[in-house]
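Undergrad: Next comes final_23.tsv, TSV, C-alpha atoms and all ligand atoms:
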chain	number	residue	atom	x	y	z
A	1	MET	CA	15.32	-14.62	-19.31
A	2	SER	CA	12.30	-13.21	-17.54
A	3	THR	CA	10.11	-10.17	-18.00
A	4	LEU	CA	9.64	-6.91	-16.15
A	5	TYR	CA	6.19	-5.54	-16.95
A	6	ILE	CA	5.58	-1.83	-16.47
A	7	VAL	CA	1.83	-1.61	-16.02
A	8	ALA	CA	-0.26	1.57	-16.14
A	9	THR	CA	-3.14	1.79	-13.67
A	10	PRO	CA	-6.15	4.17	-13.60
A	11	ILE	CA	-5.70	7.83	-12.59
A	12	GLY	CA	-9.17	7.84	-11.07
A	13	ASN	CA	-11.74	5.89	-13.01
A	14	LEU	CA	-11.33	2.17	-12.43
A	15	GLN	CA	-12.95	1.38	-15.75
A	16	ASP	CA	-9.79	2.72	-17.38
A	17	PHE	CA	-7.89	-0.36	-16.12
A	18	SER	CA	-7.28	-2.30	-19.32
A	19	PRO	CA	-8.14	-6.01	-19.55
A	20	ARG	CA	-4.56	-6.63	-20.67
A	21	ALA	CA	-3.16	-4.86	-17.60
A	22	VAL	CA	-5.34	-7.03	-15.34
A	23	GLU	CA	-4.35	-10.18	-17.21
A	24	VAL	CA	-0.64	-9.40	-16.90
A	25	LEU	CA	-0.94	-8.65	-13.18
A	26	GLN	CA	-2.76	-11.94	-12.70
A	27	SER	CA	0.02	-13.80	-14.50
A	28	VAL	CA	3.22	-12.48	-12.90
A	29	ASP	CA	5.05	-13.94	-9.89
A	30	TYR	CA	5.46	-10.63	-8.00
A	31	ILE	CA	4.07	-7.12	-8.13
A	32	ALA	CA	6.29	-4.19	-7.12
A	33	CYS	CA	4.07	-1.35	-5.87
A	34	GLU	CA	4.81	2.28	-5.14
A	35	ASP	CA	2.54	1.85	-2.11
A	36	THR	CA	1.46	-1.70	-1.30
A	37	ARG	CA	-1.54	-0.47	0.69
A	38	THR	CA	-2.89	1.85	-2.03
A	39	SER	CA	-2.39	-0.77	-4.73
A	40	GLY	CA	-3.79	-3.46	-2.43
A	41	HIS	CA	-7.30	-2.01	-2.82
A	42	LEU	CA	-7.01	-1.94	-6.60
A	43	LEU	CA	-5.58	-5.45	-6.81
A	44	GLN	CA	-8.26	-6.84	-4.52
A	45	ARG	CA	-10.97	-5.17	-6.57
A	46	PHE	CA	-9.71	-6.94	-9.70
A	47	GLN	CA	-9.10	-10.27	-7.94
A	48	ILE	CA	-5.36	-10.09	-8.38
A	49	ASP	CA	-3.76	-12.10	-5.62
A	50	LYS	CA	0.01	-12.00	-5.95
A	51	PRO	CA	2.87	-11.32	-3.55
A	52	THR	CA	3.71	-7.60	-3.49
A	53	PHE	CA	6.68	-5.57	-2.30
A	54	SER	CA	7.20	-1.84	-2.02
A	55	PHE	CA	9.14	0.07	-4.64
A	56	HIS	CA	8.99	3.82	-4.13
A	57	GLN	CA	11.20	6.85	-4.62
A	58	HIS	CA	12.82	6.46	-1.19
A	59	ASN	CA	13.80	2.81	-1.53
A	60	GLU	CA	14.03	2.15	-5.26
A	61	HIS	CA	17.86	2.25	-5.34
A	62	ARG	CA	17.89	-0.51	-2.74
A	63	LYS	CA	14.85	-2.43	-3.99
A	64	VAL	CA	16.06	-2.60	-7.57
A	65	GLY	CA	18.52	-5.28	-6.38
A	66	HIS	CA	15.64	-7.31	-4.94
A	67	LEU	CA	13.71	-6.90	-8.19
A	68	MET	CA	16.74	-8.08	-10.17
A	69	ASN	CA	17.16	-11.13	-7.93
A	70	ILE	CA	13.59	-12.13	-8.75
A	71	LEU	CA	14.11	-11.63	-12.49
A	72	ASP	CA	17.42	-13.52	-12.36
A	73	ALA	CA	15.58	-16.42	-10.67
A	74	GLN	CA	13.44	-16.69	-13.84
A	75	GLN	CA	10.37	-15.12	-12.28
A	76	ASP	CA	8.35	-12.29	-13.81
A	77	VAL	CA	7.67	-9.02	-12.03
A	78	ALA	CA	5.17	-6.23	-12.72
A	79	LEU	CA	5.76	-2.69	-11.51
A	80	ILE	CA	2.81	-0.41	-10.78
A	81	SER	CA	2.59	3.05	-9.23
A	82	ASP	CA	-0.21	4.60	-7.19
A	83	ALA	CA	-1.82	5.89	-10.38
A	84	GLY	CA	-1.05	6.22	-14.06
A	85	MET	CA	2.10	5.25	-15.85
A	86	PRO	CA	5.08	4.15	-13.75
A	87	GLY	CA	8.19	6.17	-14.58
A	88	ILE	CA	6.23	9.36	-15.29
A	89	SER	CA	6.97	11.46	-12.16
A	90	ASP	CA	6.96	8.08	-10.41
A	91	PRO	CA	9.45	5.25	-9.83
A	92	GLY	CA	10.12	3.16	-12.92
A	93	PHE	CA	13.17	4.31	-14.83
A	94	LEU	CA	15.74	2.63	-12.55
A	95	ALA	CA	13.91	-0.69	-12.75
A	96	VAL	CA	13.67	-0.54	-16.56
A	97	ARG	CA	17.37	0.31	-16.90
A	98	ALA	CA	18.45	-2.46	-14.53
A	99	ALA	CA	16.24	-5.08	-16.21
A	100	GLN	CA	17.52	-4.13	-19.67
A	101	ASN	CA	21.14	-4.15	-18.50
A	102	GLY	CA	20.50	-7.60	-17.01
A	103	ASN	CA	19.22	-8.80	-20.41
A	104	HIS	CA	15.67	-9.27	-19.25
A	105	THR	CA	12.67	-8.35	-21.37
A	106	VAL	CA	10.86	-5.14	-20.51
A	107	SER	CA	7.25	-4.96	-21.59
A	108	VAL	CA	5.21	-1.79	-21.06
A	109	ILE	CA	1.45	-2.20	-20.76
A	110	PRO	CA	0.22	1.29	-21.66
A	111	GLY	CA	-2.74	3.03	-20.12
A	112	PRO	CA	-3.86	6.27	-18.50
A	113	ASP	CA	-1.52	9.06	-17.50
A	114	ALA	CA	-2.46	12.50	-16.22
A	115	ALA	CA	-0.12	14.44	-18.50
A	116	THR	CA	-1.47	13.38	-21.87
A	117	THR	CA	-5.05	13.32	-20.61
A	118	ALA	CA	-4.68	16.92	-19.39
A	119	VAL	CA	-2.91	18.32	-22.44
A	120	VAL	CA	-5.55	16.92	-24.79
A	121	ALA	CA	-8.36	18.17	-22.51
A	122	SER	CA	-6.81	21.65	-22.29
A	123	GLY	CA	-7.78	22.61	-25.82
A	124	LEU	CA	-4.26	24.00	-26.29
A	125	PRO	CA	-1.99	22.66	-29.05
A	126	CYS	CA	-1.05	19.10	-28.11
A	127	ASP	CA	0.74	17.80	-31.19
A	128	ARG	CA	4.06	18.84	-29.59
A	129	TYR	CA	4.56	19.62	-25.93
A	130	ILE	CA	7.08	19.59	-23.14
A	131	PHE	CA	6.41	17.57	-20.03
A	132	GLU	CA	7.89	19.39	-17.04
A	133	GLY	CA	6.37	17.21	-14.31
A	134	PHE	CA	6.84	18.72	-10.83
A	135	LEU	CA	8.89	21.92	-10.70
A	136	PRO	CA	11.60	22.00	-8.04
A	137	HIS	CA	10.02	23.16	-4.78
A	138	LYS	CA	12.78	25.58	-3.82
A	139	LYS	CA	16.24	25.64	-5.36
A	140	GLY	CA	16.17	26.31	-9.08
A	141	ARG	CA	12.42	26.89	-9.25
A	142	GLN	CA	12.50	30.55	-10.32
A	143	LYS	CA	15.29	29.91	-12.82
A	144	ARG	CA	13.34	27.05	-14.36
A	145	LEU	CA	10.19	29.16	-14.57
A	146	GLY	CA	12.21	31.83	-16.40
A	147	GLN	CA	13.41	29.23	-18.90
A	148	LEU	CA	9.90	27.84	-19.40
A	149	ALA	CA	8.60	31.33	-20.16
A	150	GLU	CA	10.69	31.24	-23.37
A	151	GLU	CA	9.41	27.80	-24.41
A	152	GLU	CA	7.36	27.76	-27.62
A	153	LEU	CA	5.73	24.38	-27.06
A	154	THR	CA	2.76	23.74	-24.76
A	155	ILE	CA	4.00	23.03	-21.23
A	156	ILE	CA	2.62	20.39	-18.86
A	157	ILE	CA	3.22	20.93	-15.12
A	158	TYR	CA	2.16	18.67	-12.25
A	159	GLU	CA	1.24	20.58	-9.10
A	160	SER	CA	-0.32	19.83	-5.74
A	161	PRO	CA	-3.60	21.59	-4.86
A	162	ASN	CA	-2.05	23.49	-1.96
A	163	ARG	CA	0.59	25.04	-4.21
A	164	LEU	CA	-1.68	25.88	-7.17
A	165	LEU	CA	-2.16	29.55	-6.22
A	166	LYS	CA	1.57	29.99	-5.63
A	167	LEU	CA	2.29	28.49	-9.06
A	168	LEU	CA	-0.30	30.66	-10.84
A	169	GLY	CA	1.22	33.72	-9.15
A	170	GLU	CA	4.69	32.70	-10.31
A	171	LEU	CA	3.45	32.06	-13.84
A	172	GLU	CA	1.85	35.50	-13.87
A	173	GLU	CA	5.20	36.98	-12.84
A	174	HIS	CA	7.45	35.08	-15.24
A	175	PHE	CA	5.12	34.66	-18.24
A	176	GLU	CA	2.84	37.23	-19.87
A	177	PRO	CA	-0.28	37.44	-17.63
A	178	ASP	CA	-2.51	37.05	-20.71
A	179	ARG	CA	-0.82	33.79	-21.76
A	180	LEU	CA	-3.49	31.09	-22.31
A	181	ALA	CA	-3.47	28.20	-19.89
A	182	ALA	CA	-5.69	25.55	-18.32
A	183	VAL	CA	-6.05	23.86	-14.96
A	184	ALA	CA	-7.15	20.21	-15.24
A	185	ARG	CA	-8.42	18.86	-11.94
A	186	GLU	CA	-9.57	15.42	-10.85
A	187	LEU	CA	-9.33	13.96	-14.35
A	188	THR	CA	-11.50	10.90	-14.99
A	189	LYS	CA	-13.10	11.31	-11.54
A	190	LYS	CA	-16.54	12.47	-10.40
A	191	PHE	CA	-15.54	16.12	-9.98
A	192	GLU	CA	-13.38	16.37	-13.09
A	193	GLU	CA	-13.04	19.89	-14.46
A	194	VAL	CA	-10.87	21.72	-16.98
A	195	VAL	CA	-10.78	25.48	-16.44
A	196	ARG	CA	-9.38	27.48	-19.33
A	197	GLY	CA	-8.35	31.12	-19.45
A	198	THR	CA	-5.39	33.45	-19.25
A	199	ILE	CA	-2.97	32.90	-16.39
A	200	SER	CA	-4.48	35.96	-14.62
A	201	GLU	CA	-8.04	34.73	-15.11
A	202	LEU	CA	-7.16	31.32	-13.73
A	203	LYS	CA	-5.50	32.91	-10.70
A	204	THR	CA	-8.58	35.05	-10.03
A	205	GLU	CA	-10.87	32.04	-10.46
A	206	PHE	CA	-8.98	29.78	-8.05
A	207	GLU	CA	-8.39	32.60	-5.54
A	208	SER	CA	-12.16	33.00	-5.33
A	209	ARG	CA	-12.68	29.39	-4.24
A	210	ASP	CA	-13.03	28.45	-0.58
A	211	SER	CA	-10.69	25.52	-1.03
A	212	ILE	CA	-8.77	23.77	-3.79
A	213	LYS	CA	-8.80	20.01	-3.58
A	214	GLY	CA	-7.90	17.04	-5.72
A	215	GLU	CA	-5.17	16.31	-8.20
A	216	ILE	CA	-4.07	18.98	-10.61
A	217	VAL	CA	-2.23	19.43	-13.88
A	218	VAL	CA	-1.47	22.92	-15.18
A	219	ILE	CA	-1.11	23.38	-18.93
A	220	VAL	CA	0.42	26.57	-20.30
A	221	SER	CA	0.50	27.54	-23.97
A	222	GLY	CA	3.88	28.14	-25.57
A	223	LYS	CA	5.34	31.58	-26.11
A	224	GLY	CA	3.77	33.32	-29.05
A	225	TYR	CA	0.64	31.17	-29.21
A	226	SER	CA	-2.66	32.97	-29.72
A	227	GLU	CA	-6.17	31.92	-30.70
B	1	LIG	N1	2.50	8.46	-12.91
B	1	LIG	C1	1.40	9.42	-12.89
B	1	LIG	C2	0.92	9.66	-14.32
B	1	LIG	O1	1.09	8.77	-15.15
B	1	LIG	O2	0.33	10.69	-14.58
B	1	LIG	C3	1.81	10.70	-12.19
B	1	LIG	C4	2.19	10.52	-10.76
B	1	LIG	S1	2.58	12.00	-9.94
B	1	LIG	C5	3.29	11.38	-8.46
B	1	LIG	C6	1.03	12.57	-9.35
B	1	LIG	C7	0.57	13.83	-10.06
B	1	LIG	O3	-0.09	13.49	-11.28
B	1	LIG	C8	-0.48	14.62	-9.28
B	1	LIG	O4	0.14	15.49	-8.33
B	1	LIG	C9	-1.15	15.40	-10.38
B	1	LIG	O5	-0.36	16.50	-10.77
B	1	LIG	C10	-1.16	14.37	-11.49
B	1	LIG	N2	-2.41	13.57	-11.48
B	1	LIG	C11	-2.54	12.27	-11.17
B	1	LIG	N3	-3.84	11.89	-11.28
B	1	LIG	C12	-4.53	12.97	-11.68
B	1	LIG	C13	-5.89	13.24	-11.96
B	1	LIG	N4	-6.82	12.28	-11.86
B	1	LIG	N5	-6.25	14.49	-12.34
B	1	LIG	C14	-5.34	15.47	-12.45
B	1	LIG	N6	-4.02	15.29	-12.19
B	1	LIG	C15	-3.61	14.06	-11.81
Represent the supplied structure as structure tokens.
Ligand code: SAM
TA:
Amino acid sequence: MSTLYIVATPIGNLQDFSPRAVEVLQSVDYIACEDTRTSGHLLQRFQIDKPTFSFHQHNEHRKVGHLMNILDAQQDVALISDAGMPGISDPGFLAVRAAQNGNHTVSVIPGPDAATTAVVASGLPCDRYIFEGFLPHKKGRQKRLGQLAEEELTIIIYESPNRLLKLLGELEEHFEPDRLAAVARELTKKFEEVVRGTISELKTEFESRDSIKGEIVVIVSGKGYSE
């Protein structure tokens, strides 16, 4: 029986890479990476020199067989994504399921993820929340937004910088415009910021900017919440 390690990597600040994560990556036989080039820089920086192979959303159905062959040959594999916790809006789930079904050990090495970092930083209730991840781009998007508008728990949404204004406009339309929300940008990085306000205020703020760059999480308070 061998072990599949699911290893969290930093979402920006390299000092968030845990010593245990580094130790595990230095000990395994193979590292499955969402992007071997992106992870290559990180691995080199931490003197981790192991064979890697790609494991991303477009090949994971195929590559899970390769991963299982390695585990079945009594070798250990670690899975990492470009940033944060594998499996959270990233490849991971299929590998975990296959390894467990194959009676291998699955060991998760926890670490940073953008969702929990953002919800805590938002100043909105974070004892219970729903993690939405990325909304569908087209089909089902408006329906899902309508459903989320009725949600009473704090909502965490991943969004790309070039769609932030579109999302804030949609939130304004589907939710009450004075619903409290926050935009968390570039968490743990040099230009980290958390902008709080009503949905309308956030839209006005980001519309006034020349450009919107970096990685973004949008947090929206649940229906009925007020301060
Ligand atoms: N697995 C990752 C995690 O644990 O958070 C998420 C991967 S998902 C493909 C990438 C999205 O996470 C980005 O589009 C953004 O919404 C969010 N994200 C990742 N790093 C971030 C950061 N430093 N600041 C804000 N959002 C971030």
Undergrad: Select, counting only C-alpha atoms, all protein, DNA and RNA residues no farther than 10 Å from (4.3, -9.9, -1.9) in file coordinates, and express the selection as a compact mmCIF listing (two decimals) with C-alpha atoms, in the coordinates of the input.
TA:
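Dumped to point_19.txt:
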# COMPACT_ATOMS: atom_id res chain seq x y z
CA ASP A 29 5.05 -13.94 -9.89
CA TYR A 30 5.46 -10.63 -8.00
CA ILE A 31 4.07 -7.12 -8.13
CA ALA A 32 6.29 -4.19 -7.12
CA CYS A 33 4.07 -1.35 -5.87
CA THR A 36 1.46 -1.70 -1.30
CA ASP A 49 -3.76 -12.10 -5.62
CA LYS A 50 0.01 -12.00 -5.95
CA PRO A 51 2.87 -11.32 -3.55
CA THR A 52 3.71 -7.60 -3.49
CA PHE A 53 6.68 -5.57 -2.30
CA SER A 54 7.20 -1.84 -2.02
Undergrad: Take the point (19.4, -15.1, -12.2) in the file's coordinates, draw a sphere of radius 10 Å around it, and report as a PyMOL selection string every protein, DNA or RNA residue with an atom inside or on it, counting only C-alpha atoms.
TA: chain A and resi 1-2+68-75+102+104
Undergrad: Let me have all residues with an atom within 6 Å of ligand LIG 1 (chain B), counting all atoms listed in the file, laid out as number ranges by chain.
TA: A: 11-12, 83-86, 88-90, 113-115, 158-160, 184-188, 215-217
Undergrad: Excluding same-chain residues fewer than 4 positions from Phe55 (chain A), what lies within 12 Å of it counting all atoms listed in the file, as a PyMOL selection string?
TA: chain A and resi 30-37+39+59-67+77-82+86-87+90-95
Undergrad: So how many Å separate CA of Ile155 (chain A) and CA of Asp210 (chain A), to one decimal?
TA: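 Interatomic distance, CA of Ile155 (chain A) to CA of Asp210 (chain A): 27.3 Å.
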Undergrad: How many Å lie between CA of Ile157 (chain A) and CA of Ser211 (chain A), rounded to one decimal?
TA: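 Value for the CA of Ile157 (chain A)-CA of Ser211 (chain A) distance: 20.3 Å.
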Undergrad: To one decimal in Å, tell me the separation between CA of Arg97 (chain A) and CA of Leu43 (chain A).
TA: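 Distance reported for this atom pair: 25.7 Å.
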